[in-house]
Structures are given as structure tokens and as C-alpha cells.
Amino acid sequence: MESDYKAKLEVFEGPLDLLLYLIKKEEVDVFDIPIEDQRKLFETNYWGVVTGSSAALQHLKGKGTGGAIINVGSVVSDRAFPLQGVYSASKAAVKAYTDALRMELEHQKTPVAVTLIQPAAIGTPFAQRA
């Protein structure tokens, strides 16, 4: 996954000032999700954010003018809901990572803003088209 981000940034010719990372969710009883599927969800929701943020940060630091990383979490990272336990856990990990990244960059005085957006349910046709 990390090499995919690096490859995309290498062929990207314009300036990168912003990274916005959005992940989908599904509602499933936590007891019905095999461990391997839970790992896949974390691979996408958490590790995808980490590798994407890391690749963008390297690019933003390299250009010297800073920029912004915006990770999209969820309101369920603060309060889990039934049928969204594993998703909630992955989004709590995204929240903790984003908070730590922001504090570390502020401490280093790196001119990259790091923000977490935590939307509630968004009306999309995901359930009908998944």
C-alpha cells in the first residue's frame, strides 16, 4: 500500500497541498465478523490513513511551504454504535493517530495542519449499491 502512494505522488505533477482520505463503512454484528475480515477493515481504515498521511507528509515537508492533511473519521470513534463495533474501533484508531500526528508536527513546528473530520451518518446510496 505504501509503495502505491509513493508511486502516485511521483507521477503527480502538480502541487499537493491537501490530502483528504475517506473510507466507507458497513453495518455488521461484531460477533459475525471473522478476524481476517476485521484485519482487512483495519488495513483499509487505519493503515490506509497512516500510509496516505505519511506519503503526503513527506511530499508536503519536501516542498517547504507546508499544507494540510484532512483525515475523515467518524462520530463513532467517540461513541460506538451497535453493528458498527469493528468500524468504530478502526475510526478510534484513526482519531488517535491523527491527534498524535497533529501534536508531533506542532511540536516540531512543521507547517502542515492536520485535521480530523468526524461526520455522523451521511445520506448516500451506499447500502443500495454495495
# chains A, B, ... in the order shown; residues from 1 in each chain; ligands from 1
>>> residues_around(residues="Ala96 (chain A)", least_positions_apart="2", cutoff="12 Å", atoms="only C-alpha atoms", output="ChimeraX atom specification")
/A:46,49-50,71,73,77-78,89-94,98-103,115-116
>>> residues_around(residues="Arg79 (chain A)", least_positions_apart="3", cutoff="10 Å", atoms="only C-alpha atoms", output="PyMOL selection string")
chain A and resi 74-76+85+88-89+92
>>> write_last_selection(atoms="all heavy atoms", output="PDB file, in the first residue's frame")
ATOM      1  N   SER A  74     -15.059   9.468  12.065  1.00  0.00           N
ATOM      2  CA  SER A  74     -16.489   9.264  12.248  1.00  0.00           C
ATOM      3  C   SER A  74     -16.862   9.602  13.678  1.00  0.00           C
ATOM      4  O   SER A  74     -16.040   9.483  14.592  1.00  0.00           O
ATOM      5  CB  SER A  74     -16.851   7.800  11.971  1.00  0.00           C
ATOM      6  OG  SER A  74     -18.206   7.550  12.296  1.00  0.00           O
ATOM      7  N   VAL A  75     -18.096   9.999  13.856  1.00  0.00           N
ATOM      8  CA  VAL A  75     -18.603  10.244  15.200  1.00  0.00           C
ATOM      9  C   VAL A  75     -18.522   8.972  16.043  1.00  0.00           C
ATOM     10  O   VAL A  75     -18.413   9.027  17.262  1.00  0.00           O
ATOM     11  CB  VAL A  75     -20.038  10.822  15.147  1.00  0.00           C
ATOM     12  CG1 VAL A  75     -21.030   9.787  14.655  1.00  0.00           C
ATOM     13  CG2 VAL A  75     -20.463  11.400  16.481  1.00  0.00           C
ATOM     14  N   VAL A  76     -18.507   7.807  15.393  1.00  0.00           N
ATOM     15  CA  VAL A  76     -18.444   6.545  16.130  1.00  0.00           C
ATOM     16  C   VAL A  76     -17.064   6.286  16.732  1.00  0.00           C
ATOM     17  O   VAL A  76     -16.894   5.327  17.471  1.00  0.00           O
ATOM     18  CB  VAL A  76     -18.908   5.330  15.289  1.00  0.00           C
ATOM     19  CG1 VAL A  76     -20.339   5.497  14.820  1.00  0.00           C
ATOM     20  CG2 VAL A  76     -17.968   5.058  14.140  1.00  0.00           C
ATOM     21  N   GLY A  85     -19.172  -2.019  15.681  1.00  0.00           N
ATOM     22  CA  GLY A  85     -18.101  -2.142  16.661  1.00  0.00           C
ATOM     23  C   GLY A  85     -16.709  -2.132  16.075  1.00  0.00           C
ATOM     24  O   GLY A  85     -15.832  -1.395  16.526  1.00  0.00           O
ATOM     25  N   SER A  88     -16.101   1.185  14.417  1.00  0.00           N
ATOM     26  CA  SER A  88     -15.860   2.186  15.463  1.00  0.00           C
ATOM     27  C   SER A  88     -14.433   2.089  15.991  1.00  0.00           C
ATOM     28  O   SER A  88     -13.763   3.108  16.199  1.00  0.00           O
ATOM     29  CB  SER A  88     -16.838   2.002  16.627  1.00  0.00           C
ATOM     30  OG  SER A  88     -18.158   2.188  16.206  1.00  0.00           O
ATOM     31  N   ALA A  89     -13.958   0.885  16.215  1.00  0.00           N
ATOM     32  CA  ALA A  89     -12.595   0.686  16.714  1.00  0.00           C
ATOM     33  C   ALA A  89     -11.571   1.203  15.714  1.00  0.00           C
ATOM     34  O   ALA A  89     -10.587   1.849  16.088  1.00  0.00           O
ATOM     35  CB  ALA A  89     -12.361  -0.801  17.014  1.00  0.00           C
ATOM     36  N   ALA A  92     -11.629   4.932  15.855  1.00  0.00           N
ATOM     37  CA  ALA A  92     -10.983   5.413  17.089  1.00  0.00           C
ATOM     38  C   ALA A  92      -9.465   5.406  16.901  1.00  0.00           C
ATOM     39  O   ALA A  92      -8.764   6.330  17.365  1.00  0.00           O
ATOM     40  CB  ALA A  92     -11.395   4.553  18.274  1.00  0.00           C
TER      41      ALA A  92
END
>>> atom_distance(atom1="CA of Leu60 (chain A)", atom2="CA of Pro111 (chain A)")
8.7 Å
>>> atom_distance(atom1="CA of Val86 (chain A)", atom2="CA of Ile69 (chain A)")
24.3 Å
